[in-house]
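J.: My questions all concern the structure below.
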Amino acid sequence: MTAHQTILILDFGSQFTQLIARRIREHAVYCEIHPYTLANEPGFAAIRAMKPAGIVLSGGPSSVYEEGAPSIHAGLFDLGIPILGICYGAQLVARLLGGDVRPAERREYGRASVRVKVQDGVFRTVAPGEELTVWASHGDHVDGLPPGFVHTAESDNCRFSGFANAERRIHGVQFHPEVVHTPRGAELLGNWLFGVVGARGDWSMASFVDEAVARIRAQVGDDGRIICGLSGGVDSSVAAALIHRAIGDRLTCIFVDNGLLRRGERDYVASIFRDHFAVDLRVVDGEQRFLEKLADVTDPEKKRKVIGYEFIAVFEEEAHTIANARFLAQGTLYPDVIESVSFKGPSAVIKSHHNVGGLPERMKLALVEPLRELFKDEVRQLGLELGLPRHMVWRQPFPGPGLAVRCLGALTKPRLDVLRAADAIIEEEIRAAGLYESIWQSFGVLLPVRSVGVMGDARTYEETLALRAVHSRDGMTADWVPLPYDLLGRISSRVINEVRGINRVVYDITSKPPGTIEWE
Ligand code: XMP
């Protein structure tokens with residue numbers, strides 16, 4: 001079933017490991033990240049089973065000569081598989097094969113200029129003597145090459161910036177080709193993939209669809225039924241479209257209207273999945289139920305808990321009415337998978353996230369996670385490939401607890417309606433300005449803060465809307481967006497004129513950290 005080639009990336013804890021994977025996939029070559037410990041198994045059983053076309057050893061924060069530093073069994077170099085060591089990975093190559101690694105006298109952090117000495121391997125498109133701008137980050141350096149290795153590149157601060165044993169197809173670079181600050185980094189990785197590994201570039205979304213469809217069918221058998229919770233977000237929508245392609249009407253989607261959704265959300269989802277894809281879609285009207293449970297709740301964590309609990313209850317009730325449902329679909333993405341297998345351990349929880357955790361065990365459902373190998377941008381490509389509209393595939397992230405975490409204070413229907421109206425204006429204006437897809441998230445937050453205003457000749461005393469727009473790559477860190485003043489002005493005047501209940505608009509200029517993206 002896995003017709004495509006695979007590159008194995010062994011992770012030594014670098015913050016850039018995911019970037020290596022993305023750059024490789026951008027060359028239409030499939031790759032997977034695994035902890036370096038995979039290369040310490042007796043006989044390399046898992047690695048042999050994976051049959052990687054090439055192996056990348058990532059960077060990492062340790063020093064290879066330190067006691068207990070992450071390392072691998074040197075037999076890996078005898079498997080005949082091409083290996084590329086990056087930064088720490090390159091130092092490991094040197095040390096394990098008989099070279100020398102030491103603390104550098106002059107450390108190299110940030111931009112550096114590398115002179116290529118040998119036009120081969122990673123540098124096969126670079127003329128000897130040519131200078132490459134690269135990004136480096138290391139305090140140790142290789143001080144002596146292992147026997148049989150050739151010196152391929154150098155910089156002022158680092159003698160062995162590149163080295164290789166062409167015959168054994170083992171290459172090392174001390175800098176980071178995977179980061180954008182190495183302008184020709186993608187080209188260098190391509191050189192390795194296509195020139196050294198012999199990659200075919202056989203990973204495409206069309207081939208992914210075929211493989212994923214076959215895998216889903218094999219997992220659920222001839223009569224299994226999958227249920228899928230649709231949220232209106234990109235991940236669950238693409239997962240549903242893919243599963244529908246695989247098993248058609250044996251997929252049932254459940255959409256819970258919790259009364260905390262954006263304007264028109266319910267009809268939007270129904271129009272795409274019921275009308276366009278003809279999916280068996282159950283829409284549960286839970287507005288009253290959720291709002292009753294939330295009536296006296298203003299504490300942010302409590303709101304999240306109540307919503308998460310209620311969602312599971314509603315979902316479970318609905319799912320029980322579906323005969324032969326043995327599987328639950330989840331839109332898990334590759335970054336979550338990497339995080340969960342990482343030897344670094346899970347990151348600290350700042351807010352309790354809303355998901356269907358716990359449901360599969362309780363209901364004895366097996367999980368179907370057809371997106372678990374994909375990055376977000378690949379999920380978007382896949383969505384388009386499956387025929388989802390661009391408008392849906394490029395939606396900004398929306399939190400599970402919905403407008404509840406953007407409506408500070410009491411969650412009443414009138415206040416939620418006010419926020420919904422303002423939110424619709426914000427989205428409309430940001431889209432009209434052509435900024436929607438380049439901004440990670442843009443939205444309004446209704447504050448229980450009243451201030452005095454004047455409209456016409458009348459005094460007003462209404463609540464405040466905080467406008468928030470952030471740039472981010474993954475939601476972990478974020479910068480506020482310097483939106484054009486005329487756009488800010490348009491949003492402000494439209495909200496105040498068109499939405500009764502708001503008479504003041506303010507702009508949130510807090511980055512994350514120290515702020516979070518959502519206000520609660
Ligand atoms: P914060 O507010 O923690 O949000 O900076 C980071 C990202 O996560 C989204 N978010 C959620 N997504 N369930 C989700 O699926 C949740 O409970 C949840 N809470 C926050 C948030 O919109 C941002 O993209």
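In the structure tokens, each chain is lettered A, B, ... as it comes, each chain's residues begin at 1, and ligands are numbered from 1 in order of appearance.
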How would you report the residues lying within 6 Å of ligand 1, as a ChimeraX atom specification, if you count only C-alpha atoms and all ligand atoms?
T.: /A:353-354,397-401,475,516-518
J.: Return as a count of residues only the full set of residues in range 94-306 of chain A whose backbone-based DSSP assignment is helix (DSSP H, G or I).
T.: 78
J.: Quick one: residues within 7 Å of range 266-283 of chain A, only C-alpha atoms counted, chain neighbours fewer than 5 positions away excluded, as a PDB file with all heavy atoms, in the first residue's frame?
T.:
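And here is the file that came out, result-v4.pdb:
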```pdb
ATOM      1  N   GLY A 232     -16.926  22.248  11.731  1.00  0.00           N
ATOM      2  CA  GLY A 232     -16.901  23.387  10.818  1.00  0.00           C
ATOM      3  C   GLY A 232     -15.473  23.820  10.555  1.00  0.00           C
ATOM      4  O   GLY A 232     -15.205  24.635   9.689  1.00  0.00           O
ATOM      5  N   ASP A 249     -21.714   6.140   2.264  1.00  0.00           N
ATOM      6  CA  ASP A 249     -22.784   6.321   3.243  1.00  0.00           C
ATOM      7  C   ASP A 249     -22.590   5.504   4.522  1.00  0.00           C
ATOM      8  O   ASP A 249     -23.474   5.478   5.376  1.00  0.00           O
ATOM      9  CB  ASP A 249     -24.154   6.043   2.603  1.00  0.00           C
ATOM     10  CG  ASP A 249     -24.242   4.632   2.066  1.00  0.00           C
ATOM     11  OD1 ASP A 249     -23.327   3.826   2.348  1.00  0.00           O
ATOM     12  OD2 ASP A 249     -25.227   4.329   1.370  1.00  0.00           O
ATOM     13  N   LEU A 251     -20.450   6.505   6.498  1.00  0.00           N
ATOM     14  CA  LEU A 251     -19.983   7.578   7.379  1.00  0.00           C
ATOM     15  C   LEU A 251     -21.188   8.378   7.858  1.00  0.00           C
ATOM     16  O   LEU A 251     -22.043   8.757   7.052  1.00  0.00           O
ATOM     17  CB  LEU A 251     -19.044   8.527   6.618  1.00  0.00           C
ATOM     18  CG  LEU A 251     -18.756   9.864   7.308  1.00  0.00           C
ATOM     19  CD1 LEU A 251     -17.855   9.669   8.528  1.00  0.00           C
ATOM     20  CD2 LEU A 251     -18.115  10.858   6.334  1.00  0.00           C
ATOM     21  N   THR A 252     -21.283   8.594   9.170  1.00  0.00           N
ATOM     22  CA  THR A 252     -22.299   9.507   9.688  1.00  0.00           C
ATOM     23  C   THR A 252     -21.586  10.642  10.409  1.00  0.00           C
ATOM     24  O   THR A 252     -20.736  10.402  11.269  1.00  0.00           O
ATOM     25  CB  THR A 252     -23.244   8.788  10.686  1.00  0.00           C
ATOM     26  OG1 THR A 252     -23.900   7.731   9.996  1.00  0.00           O
ATOM     27  CG2 THR A 252     -24.291   9.752  11.235  1.00  0.00           C
ATOM     28  N   CYS A 253     -21.924  11.862  10.032  1.00  0.00           N
ATOM     29  CA  CYS A 253     -21.320  13.015  10.690  1.00  0.00           C
ATOM     30  C   CYS A 253     -22.288  13.612  11.705  1.00  0.00           C
ATOM     31  O   CYS A 253     -23.502  13.659  11.464  1.00  0.00           O
ATOM     32  CB  CYS A 253     -20.960  14.086   9.664  1.00  0.00           C
ATOM     33  SG  CYS A 253     -19.581  13.604   8.618  1.00  0.00           S
ATOM     34  N   ILE A 254     -21.734  14.036  12.811  1.00  0.00           N
ATOM     35  CA  ILE A 254     -22.557  14.678  13.833  1.00  0.00           C
ATOM     36  C   ILE A 254     -22.056  16.112  14.019  1.00  0.00           C
ATOM     37  O   ILE A 254     -20.869  16.343  14.228  1.00  0.00           O
ATOM     38  CB  ILE A 254     -22.462  13.922  15.179  1.00  0.00           C
ATOM     39  CG1 ILE A 254     -22.968  12.483  15.002  1.00  0.00           C
ATOM     40  CG2 ILE A 254     -23.248  14.649  16.264  1.00  0.00           C
ATOM     41  CD1 ILE A 254     -22.839  11.632  16.261  1.00  0.00           C
ATOM     42  N   PHE A 255     -22.991  17.042  13.889  1.00  0.00           N
ATOM     43  CA  PHE A 255     -22.641  18.446  14.096  1.00  0.00           C
ATOM     44  C   PHE A 255     -23.469  18.950  15.277  1.00  0.00           C
ATOM     45  O   PHE A 255     -24.693  18.895  15.248  1.00  0.00           O
ATOM     46  CB  PHE A 255     -22.959  19.249  12.825  1.00  0.00           C
ATOM     47  CG  PHE A 255     -22.677  20.718  12.966  1.00  0.00           C
ATOM     48  CD1 PHE A 255     -21.398  21.217  12.774  1.00  0.00           C
ATOM     49  CD2 PHE A 255     -23.695  21.608  13.285  1.00  0.00           C
ATOM     50  CE1 PHE A 255     -21.124  22.574  12.909  1.00  0.00           C
ATOM     51  CE2 PHE A 255     -23.440  22.967  13.416  1.00  0.00           C
ATOM     52  CZ  PHE A 255     -22.153  23.438  13.234  1.00  0.00           C
ATOM     53  N   VAL A 256     -22.794  19.393  16.309  1.00  0.00           N
ATOM     54  CA  VAL A 256     -23.506  19.855  17.496  1.00  0.00           C
ATOM     55  C   VAL A 256     -23.575  21.380  17.476  1.00  0.00           C
ATOM     56  O   VAL A 256     -22.540  22.049  17.533  1.00  0.00           O
ATOM     57  CB  VAL A 256     -22.796  19.375  18.782  1.00  0.00           C
ATOM     58  CG1 VAL A 256     -23.529  19.889  20.019  1.00  0.00           C
ATOM     59  CG2 VAL A 256     -22.686  17.857  18.809  1.00  0.00           C
ATOM     60  N   ASP A 257     -24.786  21.889  17.393  1.00  0.00           N
ATOM     61  CA  ASP A 257     -24.953  23.339  17.509  1.00  0.00           C
ATOM     62  C   ASP A 257     -25.071  23.652  18.998  1.00  0.00           C
ATOM     63  O   ASP A 257     -26.106  23.409  19.615  1.00  0.00           O
ATOM     64  CB  ASP A 257     -26.211  23.786  16.751  1.00  0.00           C
ATOM     65  CG  ASP A 257     -26.404  25.296  16.836  1.00  0.00           C
ATOM     66  OD1 ASP A 257     -25.693  25.948  17.644  1.00  0.00           O
ATOM     67  OD2 ASP A 257     -27.263  25.827  16.117  1.00  0.00           O
TER      68      ASP A 257
END
```
J.: Which polymer residues have any atom within 8 Å of an atom of range 202-207 of chain A, counting only C-alpha atoms, with same-chain residues fewer than 5 positions away left out, as a ChimeraX atom specification?
T.: /A:4-5,25,28-30,378,381-382,385
J.: Go through A:Ile338, A:Val101, A:Ala21, A:Val56 and flag the residue nearest Val197 in chain A, using only C-alpha atoms for the distances.
T.: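 Closest to Val197 in chain A of all the choices is A:Val56.
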J.: Near range 325-331 of chain A, counting only C-alpha atoms, which residues have an atom at most 8 Å away, once you skip same-chain residues fewer than 3 positions from it, shown as a ChimeraX atom specification?
T.: /A:220,224-229,235-236,238-240,319,322,360,364-372
J.: Between A:Ala421, A:Ala94, A:Leu435, A:Val306, which one has atoms that come closest to Trp394 in chain A, using only C-alpha atoms?
T.: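 Checking each of A:Ala421, A:Ala94, A:Leu435, A:Val306 against Trp394 in chain A, counting only C-alpha atoms, the winner is A:Leu435.
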J.: Could you check the closest approach to His244 in chain A for each of A:Arg217, A:Arg263, A:Arg380, A:Arg106 and tell me which residue wins, using only C-alpha atoms?
T.: A:Arg217
J.: Please indicate the distance in Å from CA of Ala39 in chain A to CA of Ser62 in chain A, rounded to one decimal place.
T.: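 We find that CA of Ala39 in chain A and CA of Ser62 in chain A lie 17.4 Å from each other.
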J.: Could you name the residues that touch Phe12 in chain A at 7 Å or less, counting only C-alpha atoms, but leaving out those on the same chain fewer than 5 positions away, as a list in words?
T.: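 Selected residues are Pro35, Tyr36, Ser58, Gly59, Gly60 and Pro70 of chain A.
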J.: For Met455 in chain A, list every protein, DNA or RNA residue within 10 Å, evaluated using only C-alpha atoms, and leave out those in the same chain fewer than 3 positions away; present the list as an NGL selection string.
T.: :A and (458-460 or 496-497 or 503)
J.: Which distance in Å separates CA of Ile20 in chain A and CA of Glu105 in chain A, to one decimal?
T.: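 Value for the CA of Ile20 in chain A-CA of Glu105 in chain A distance: 27.9 Å.
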J.: For Glu211 in chain A, which residue among A:Val126, A:Ala3, A:Val495, A:Cys158 is the nearest when counting only C-alpha atoms?
T.: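 Nearest candidate to Glu211 in chain A out of A:Val126, A:Ala3, A:Val495, A:Cys158: A:Ala3.
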J.: Pick out the closest residue to Arg390 in chain A from this set: A:Ile307, A:Glu437, A:Lys302, A:Pro146. Count only C-alpha atoms.
T.: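 Among the listed residues, the smallest separation from Arg390 in chain A belongs to A:Glu437.
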J.: Among the residues of range 467-497 of chain A, find those DSSP assigns to strand (DSSP E or B) from the backbone and print them as JSON, numbers by chain.
T.: {"A": [467, 468, 469, 470, 471, 478, 479, 480]}
J.: Write the selection just made, keeping N, CA, C and O atoms, as a compact mmCIF listing (two decimals), in the first residue's frame?
T.:
```
# COMPACT_ATOMS: atom_id res chain seq x y z
N LEU A 467 -10.97 44.03 19.41
CA LEU A 467 -10.64 43.40 18.14
C LEU A 467 -9.26 42.76 18.31
O LEU A 467 -8.36 43.37 18.88
N ARG A 468 -9.15 41.51 17.84
CA ARG A 468 -7.85 40.81 17.96
C ARG A 468 -7.48 40.23 16.61
O ARG A 468 -8.33 39.61 15.94
N ALA A 469 -6.24 40.44 16.18
CA ALA A 469 -5.76 39.82 14.94
C ALA A 469 -4.31 39.44 15.18
O ALA A 469 -3.52 40.26 15.63
N VAL A 470 -3.98 38.18 14.92
CA VAL A 470 -2.60 37.74 15.18
C VAL A 470 -2.03 36.96 14.01
O VAL A 470 -2.74 36.27 13.29
N HIS A 471 -0.73 37.10 13.86
CA HIS A 471 0.04 36.23 12.97
C HIS A 471 0.64 35.13 13.82
O HIS A 471 1.11 35.39 14.93
N ALA A 478 2.57 34.04 18.98
CA ALA A 478 1.82 34.88 18.04
C ALA A 478 2.23 36.34 18.19
O ALA A 478 2.65 36.77 19.27
N ASP A 479 2.10 37.07 17.08
CA ASP A 479 2.32 38.52 17.11
C ASP A 479 1.04 39.21 16.70
O ASP A 479 0.37 38.75 15.79
N TRP A 480 0.75 40.34 17.34
CA TRP A 480 -0.44 41.08 16.89
C TRP A 480 -0.16 41.67 15.52
O TRP A 480 0.98 41.98 15.18
```
J.: Identify which of the residues A:Ile502, A:Leu8, A:Ile430, A:Ile33 lies closest to Arg48 in chain A, counting only C-alpha atoms when measuring atom-to-atom distances.
T.: A:Leu8
J.: If I take CA of Phe16 in chain A and CA of Ala90 in chain A, how far is one from the other in Å, to one decimal?
T.: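 Distance between the two atoms: 14.7 Å.
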